[in-house]
Amino acid sequence: MRNREEKDQYDPLADTKELLGGTRVPKGDPEFSLEAILSEYGKGIVPPVDAERGPEARHEPPHPKKPPEEAVIEKEVLSGLPEKTPPGEESLPEKAEELPRPPRPISMEEIVGSTVDSVLAEEDEILEERPRRRFLFSRRPVEDTEELPPPPEPEPEPEPEPEEPSLVEAADVYRRLRRRCHRPIPAATVITLALCVLLGLEAGGVEISFWTGDDLLRALVQFAAVAVVCVLGWGVFREGFYALGHRRCTPELLVGLSCVVTALDCITQPFLAQRCGAEPFAAAACAGMVFAMWGQEKEACGRYDSYRTAAMDPDPPYLVADTSDGACKQKGEVAGFFNDTERPSIVSRRQSILLPVILSATLVFAVLASAGQKHGQDFLWCWSAILCAGATFTLPLADKLAYAKLSRRLQKNGSAVAGYAGAERIGKKRTMVVTDSDLFPPGTVSLNGIKVFGEEMRKVVSYAASLAQASGSGLTRLFDSLLTSEGGRIEQLSDFSFYEEGGVSAAIHGETALLGSASFMRKMDVRLPGGLNLKTGVYLAVDRQLVAVFAVKYLVSENVEWALKAMRRSHLTAVLCARDSNINPALLKRKFGSSAKVDYPPLSDRLALSEQAEYKGRPAALVFREGLMPYVETVAGSRRYCKAASRSSFLALLGSVAGTVLSFYLSFVGAYTLLTPLNLLIFLLLWLVPAFLLSGWVNHF
């Protein structure tokens, strides 16, 4: 190698050229290019031949001293080349190691390959030394032992609903249950009224032989009356203890427990010498049992009416489902109707939460009013009074009475609602989706005349019927009957479109056909005759030329008018999704007056809402009759039923709390003259009045 300190300019390719053939590049020649060097390498320079040793032996040019790194690389390259031995001579390995090996030409492919391998090796070393990062902006390297987070657990699948029996079987079961619940009510009512009459006569100052003044006889008679009523109302006990086995507290449990405690108080009264002289509450306990049995009968009546109406047809024509825009009448389906009807209402859920608190409070208050006042012998009397006051007559009738009345009303009109669950779904919103056929059912839309301009009647009718059928409007039936009478046919359409202005268009046989109102034709640049002034006319144009005018007449149905008034009284708004361009708020105001309160959404929303009528959702109610009236009665009645049940439940719980606290106070202070069976009976009957008023309010819409 040249000495770099002695030379001012050193060519880095000089050593390589000496190695390849002894060719040197003139020092300081700036015009010697890389292409020239490569072309010279490609020729393969051969060293001179030694004459004494033959052509095989060539003189090795003197090699300059190389750095250690280049020597190692050269040794590695040359070590891989095979050694040549002259024929007839044995190879001498030891001598070959001493002799210098002649250089051989090296191709550009080997040079480039070795260079690339070295560069890649350097990059791998750099990458191994570089710290690993987990994220783009993370400063902490990822460790090999770090565990990845576990994958998210799959969402639990919804529990399958129990298999539904046929609605005919369900109706038959509740028919027998209604009869079984009704059978003991008259006898229990007579016994209760007899006790009430005796108490009323005695309170009025009338003395009754064998009754007045005979404490033992009074106690035995009252015990027998309560026992007989308990036997007659064994269904109440069964329902109460069945719910208790499922960890639910129901009004039937409170009523049954009040009858048992009252019967024990009646039978132990003559044998407790230090007991207070207050009268047992046998009449109030018997009355509570009678109202509990009546509540069971009303529940069975309501479900029987619903099931027998729903069982009229396994494929009902319509159902009422809840959507994001309100109640919507869709195609009929009965799957899910039974399960929703049997689902507990919100009234029973509220009672199952609050009644255990009231039941526990009655026991604590009875202990405080008796043993707390050092009158332990009055425990049964105090507990009987507090229990009878807490088990108000309204509790078992809070939602059952209103549901029975609604089911009977809807059964007469050909509808059925799926219990409180179905009524809550369709009644929680104040809107109803209304279509063309709801406002103008078949028979109320008629054709009042046709005028054709320069086209055949058959072609005009075919085009108009084809467009009306594709639009899905209420005019389809009208044009279908006209198509049959004129001998036309339904044409094949392409590029069908709706317009916000109130019309449709399509391509028929290469012609652009338009069907819509007069305002739509003007906006589409179709010239109309000056003498035409039809507010409900339907116009047909082909290639921007008017070809026919149809005078359509819309008649008002009394049922629809009544239904719109009922919607207004029930604060319901109709969402109008009619596809007929003539049916708009202006037409409804002219036909029905101020009773029509509608919401008219944009065209895209109207089309989406009208398409929902073709779905089959979960039935919240079933409708078996045409027209708007059964539809409105179902939605309005369901809404009123939910309100009545919720308010009755609130008043019943309020009365139960008030009766529990008031009876505890009177028994605690020993006000025996105020806390009498007749006064308690009147108190409980007064709390029953709102339940009757609210249940009667369900049918007034």
# chains A, B, ... in the order shown; residues from 1 in each chain; ligands from 1
>>> residues_around(residues="A:Asn339", least_positions_apart="6", cutoff="9 Å", atoms="only C-alpha atoms", output="number ranges by chain")
A: 161-164, 418
>>> residues_around(residues="stretch 562-576 of chain A", least_positions_apart="4", cutoff="9 Å", atoms="only C-alpha atoms", output="PyMOL selection string")
chain A and resi 325-326+429-436+557-558+583-585+592+594-601+606+609+628-633+636+639-640+701
>>> write_last_selection(atoms="N, CA, C and O atoms", output="compact mmCIF listing (two decimals), in the first residue's frame")
# COMPACT_ATOMS: atom_id res chain seq x y z
N ASP A 325 -90.58 5.70 15.54
CA ASP A 325 -91.46 6.83 15.23
C ASP A 325 -92.84 6.68 15.84
O ASP A 325 -93.72 7.49 15.56
N GLY A 326 -93.06 5.67 16.67
CA GLY A 326 -94.35 5.47 17.31
C GLY A 326 -94.96 4.14 16.94
O GLY A 326 -94.31 3.25 16.37
N LYS A 429 -95.24 6.27 23.44
CA LYS A 429 -95.04 7.43 22.57
C LYS A 429 -96.39 7.98 22.14
O LYS A 429 -97.38 7.25 22.08
N ARG A 430 -96.41 9.23 21.79
CA ARG A 430 -97.66 9.90 21.43
C ARG A 430 -97.84 10.02 19.92
O ARG A 430 -98.48 10.96 19.45
N THR A 431 -97.28 9.12 19.17
CA THR A 431 -97.36 9.20 17.72
C THR A 431 -97.84 7.86 17.17
O THR A 431 -97.58 6.80 17.74
N MET A 432 -98.52 7.95 16.01
CA MET A 432 -99.01 6.77 15.29
C MET A 432 -98.70 6.95 13.81
O MET A 432 -98.97 8.01 13.25
N VAL A 433 -98.14 5.92 13.20
CA VAL A 433 -97.86 5.95 11.78
C VAL A 433 -99.15 5.63 11.02
O VAL A 433 -99.75 4.57 11.23
N VAL A 434 -99.58 6.55 10.14
CA VAL A 434 -100.84 6.44 9.42
C VAL A 434 -100.54 6.43 7.93
O VAL A 434 -99.76 7.26 7.44
N THR A 435 -101.16 5.51 7.18
CA THR A 435 -100.95 5.38 5.75
C THR A 435 -102.19 5.81 4.96
O THR A 435 -103.18 6.27 5.54
N ASP A 436 -102.13 5.65 3.63
CA ASP A 436 -103.24 6.05 2.76
C ASP A 436 -104.51 5.29 3.09
O ASP A 436 -105.59 5.87 3.24
N SER A 557 -114.98 9.12 5.70
CA SER A 557 -115.59 8.02 6.44
C SER A 557 -115.87 8.46 7.87
O SER A 557 -115.03 9.12 8.50
N GLU A 558 -117.03 8.09 8.39
CA GLU A 558 -117.39 8.48 9.75
C GLU A 558 -116.45 7.85 10.77
O GLU A 558 -116.10 8.47 11.78
N ILE A 583 -102.93 13.25 -0.81
CA ILE A 583 -103.20 13.13 0.63
C ILE A 583 -102.11 13.87 1.38
O ILE A 583 -100.98 13.38 1.54
N ASN A 584 -102.43 15.05 1.82
CA ASN A 584 -101.50 15.91 2.54
C ASN A 584 -102.26 16.64 3.63
O ASN A 584 -103.49 16.52 3.74
N PRO A 585 -101.59 17.37 4.51
CA PRO A 585 -102.30 18.08 5.58
C PRO A 585 -103.38 19.02 5.08
O PRO A 585 -104.40 19.21 5.75
N PHE A 592 -111.58 16.91 7.13
CA PHE A 592 -111.89 16.55 8.52
C PHE A 592 -111.87 17.74 9.46
O PHE A 592 -112.14 17.57 10.65
N SER A 594 -110.63 20.68 11.97
CA SER A 594 -109.57 20.85 12.97
C SER A 594 -109.26 19.58 13.74
O SER A 594 -108.32 19.56 14.54
N SER A 595 -110.05 18.54 13.53
CA SER A 595 -109.79 17.29 14.27
C SER A 595 -108.55 16.57 13.76
O SER A 595 -108.05 15.66 14.44
N ALA A 596 -108.07 16.90 12.58
CA ALA A 596 -106.90 16.23 12.00
C ALA A 596 -105.63 16.92 12.47
O ALA A 596 -105.32 18.03 12.04
N LYS A 597 -104.91 16.28 13.36
CA LYS A 597 -103.63 16.78 13.85
C LYS A 597 -102.55 15.81 13.37
O LYS A 597 -102.40 14.72 13.93
N VAL A 598 -101.83 16.19 12.31
CA VAL A 598 -100.89 15.27 11.68
C VAL A 598 -99.52 15.91 11.61
O VAL A 598 -99.36 17.13 11.65
N ASP A 599 -98.53 15.04 11.49
CA ASP A 599 -97.14 15.42 11.27
C ASP A 599 -96.75 14.92 9.89
O ASP A 599 -96.89 13.73 9.59
N TYR A 600 -96.23 15.83 9.04
CA TYR A 600 -95.94 15.50 7.64
C TYR A 600 -94.43 15.53 7.45
O TYR A 600 -93.85 16.59 7.19
N PRO A 601 -93.73 14.38 7.58
CA PRO A 601 -92.26 14.38 7.46
C PRO A 601 -91.82 14.51 6.02
O PRO A 601 -92.64 14.48 5.09
N ARG A 606 -91.10 9.56 4.83
CA ARG A 606 -92.41 8.98 4.53
C ARG A 606 -92.27 7.63 3.84
O ARG A 606 -93.01 6.68 4.14
N LEU A 609 -91.14 5.06 6.45
CA LEU A 609 -92.21 4.68 7.36
C LEU A 609 -93.25 3.81 6.68
O LEU A 609 -93.78 2.87 7.28
N LEU A 628 -109.19 2.82 10.40
CA LEU A 628 -108.39 3.53 11.39
C LEU A 628 -108.95 3.39 12.80
O LEU A 628 -108.20 3.47 13.77
N MET A 629 -110.26 3.17 12.94
CA MET A 629 -110.86 3.16 14.27
C MET A 629 -110.33 2.03 15.16
O MET A 629 -109.95 2.29 16.31
N PRO A 630 -110.27 0.77 14.72
CA PRO A 630 -109.71 -0.26 15.61
C PRO A 630 -108.25 0.00 15.96
O PRO A 630 -107.81 -0.28 17.09
N TYR A 631 -107.53 0.55 15.02
CA TYR A 631 -106.12 0.88 15.25
C TYR A 631 -105.98 1.95 16.33
O TYR A 631 -105.17 1.82 17.27
N VAL A 632 -106.78 3.00 16.24
CA VAL A 632 -106.72 4.09 17.22
C VAL A 632 -107.22 3.61 18.58
O VAL A 632 -106.64 3.96 19.63
N GLU A 633 -108.27 2.81 18.60
CA GLU A 633 -108.77 2.30 19.88
C GLU A 633 -107.72 1.46 20.59
O GLU A 633 -107.60 1.53 21.83
N ALA A 636 -104.83 4.11 21.73
CA ALA A 636 -105.32 5.03 22.76
C ALA A 636 -105.73 4.29 24.03
O ALA A 636 -105.45 4.74 25.15
N ARG A 639 -102.62 3.20 25.92
CA ARG A 639 -102.00 4.34 26.61
C ARG A 639 -102.77 4.70 27.89
O ARG A 639 -102.17 4.94 28.94
N ARG A 640 -104.07 4.70 27.80
CA ARG A 640 -104.88 5.01 28.99
C ARG A 640 -104.78 3.91 30.04
O ARG A 640 -104.79 4.19 31.24
N PHE A 701 -112.54 7.32 25.41
CA PHE A 701 -111.61 7.99 24.50
C PHE A 701 -112.28 8.14 23.14
O PHE A 701 -113.32 7.57 22.87
>>> residues_around(residues="stretch 449-462 of chain A", least_positions_apart="3", cutoff="12 Å", atoms="only C-alpha atoms", output="PyMOL selection string")
chain A and resi 446+465-469+476+478-493+508-509+513-515+528-529+532+534+536-542+545-553
>>> residues_around(residues="stretch 672-676 of chain A", least_positions_apart="4", cutoff="9 Å", atoms="only C-alpha atoms", output="count of residues only")
12
>>> atom_distance(atom1="atom CA of A:Ala187", atom2="atom CA of A:Arg218")
20.1 Å
>>> closest_atom_pairs(of="stretch 415-495 of chain A", to="stretch 320-323 of chain A", cutoff="10 Å", atoms="only C-alpha atoms", output="JSON lines")
{"residue": "A:Ser415", "atom": "CA", "partner": "A:Val320", "partner_atom": "CA", "distance": 10.0}
{"residue": "A:Ala416", "atom": "CA", "partner": "A:Val320", "partner_atom": "CA", "distance": 9.9}
{"residue": "A:Val417", "atom": "CA", "partner": "A:Val320", "partner_atom": "CA", "distance": 8.9}
{"residue": "A:Gly422", "atom": "CA", "partner": "A:Ala321", "partner_atom": "CA", "distance": 8.6}
{"residue": "A:Ala423", "atom": "CA", "partner": "A:Asp322", "partner_atom": "CA", "distance": 9.9}
{"residue": "A:Glu424", "atom": "CA", "partner": "A:Asp322", "partner_atom": "CA", "distance": 9.5}
{"residue": "A:Arg425", "atom": "CA", "partner": "A:Asp322", "partner_atom": "CA", "distance": 5.9}
{"residue": "A:Ile426", "atom": "CA", "partner": "A:Asp322", "partner_atom": "CA", "distance": 5.2}
{"residue": "A:Gly427", "atom": "CA", "partner": "A:Asp322", "partner_atom": "CA", "distance": 8.6}
{"residue": "A:Lys428", "atom": "CA", "partner": "A:Asp322", "partner_atom": "CA", "distance": 9.0}
{"residue": "A:Lys429", "atom": "CA", "partner": "A:Asp322", "partner_atom": "CA", "distance": 8.8}
{"residue": "A:Thr431", "atom": "CA", "partner": "A:Thr323", "partner_atom": "CA", "distance": 10.0}
{"residue": "A:Met432", "atom": "CA", "partner": "A:Asp322", "partner_atom": "CA", "distance": 9.4}
{"residue": "A:Val433", "atom": "CA", "partner": "A:Thr323", "partner_atom": "CA", "distance": 9.2}
>>> write_last_selection(atoms="C-alpha atoms", output="JSON list (two decimals), in the first residue's frame")
[["chain", "number", "residue", "atom", "x", "y", "z"],
["A", 415, "SER", "CA", -108.54, -6.21, 18.71],
["A", 416, "ALA", "CA", -106.38, -7.64, 21.48],
["A", 417, "VAL", "CA", -103.46, -6.21, 23.44],
["A", 422, "GLY", "CA", -97.61, -4.81, 24.94],
["A", 423, "ALA", "CA", -99.67, -1.84, 26.03],
["A", 424, "GLU", "CA", -96.60, -0.12, 27.46],
["A", 425, "ARG", "CA", -94.62, -0.53, 24.22],
["A", 426, "ILE", "CA", -97.20, 1.02, 21.92],
["A", 427, "GLY", "CA", -98.47, 3.57, 24.42],
["A", 428, "LYS", "CA", -95.19, 5.08, 25.59],
["A", 429, "LYS", "CA", -95.04, 7.43, 22.57],
["A", 431, "THR", "CA", -97.36, 9.20, 17.72],
["A", 432, "MET", "CA", -99.01, 6.77, 15.29],
["A", 433, "VAL", "CA", -97.86, 5.95, 11.78]]
>>> atom_distance(atom1="atom CA of A:Val657", atom2="atom CA of A:Asn679")
17.2 Å
>>> atom_distance(atom1="atom CA of A:Phe650", atom2="atom CA of A:Ser360")
19.6 Å
>>> select_by_dssp(residues="stretch 189-423 of chain A", states="strand (DSSP E or B)", output="list in words")
Tyr318, Leu319, Val320, Ala321, Asp322, Thr323, Gly326, Ala327, Cys328, Lys329, Gln330, Lys331, Ser415, Ala416 and Val417 of chain A
>>> residues_around(residues="A:Val290", least_positions_apart="5", cutoff="7 Å", atoms="only C-alpha atoms", output="number ranges by chain")
A: 185, 188-189
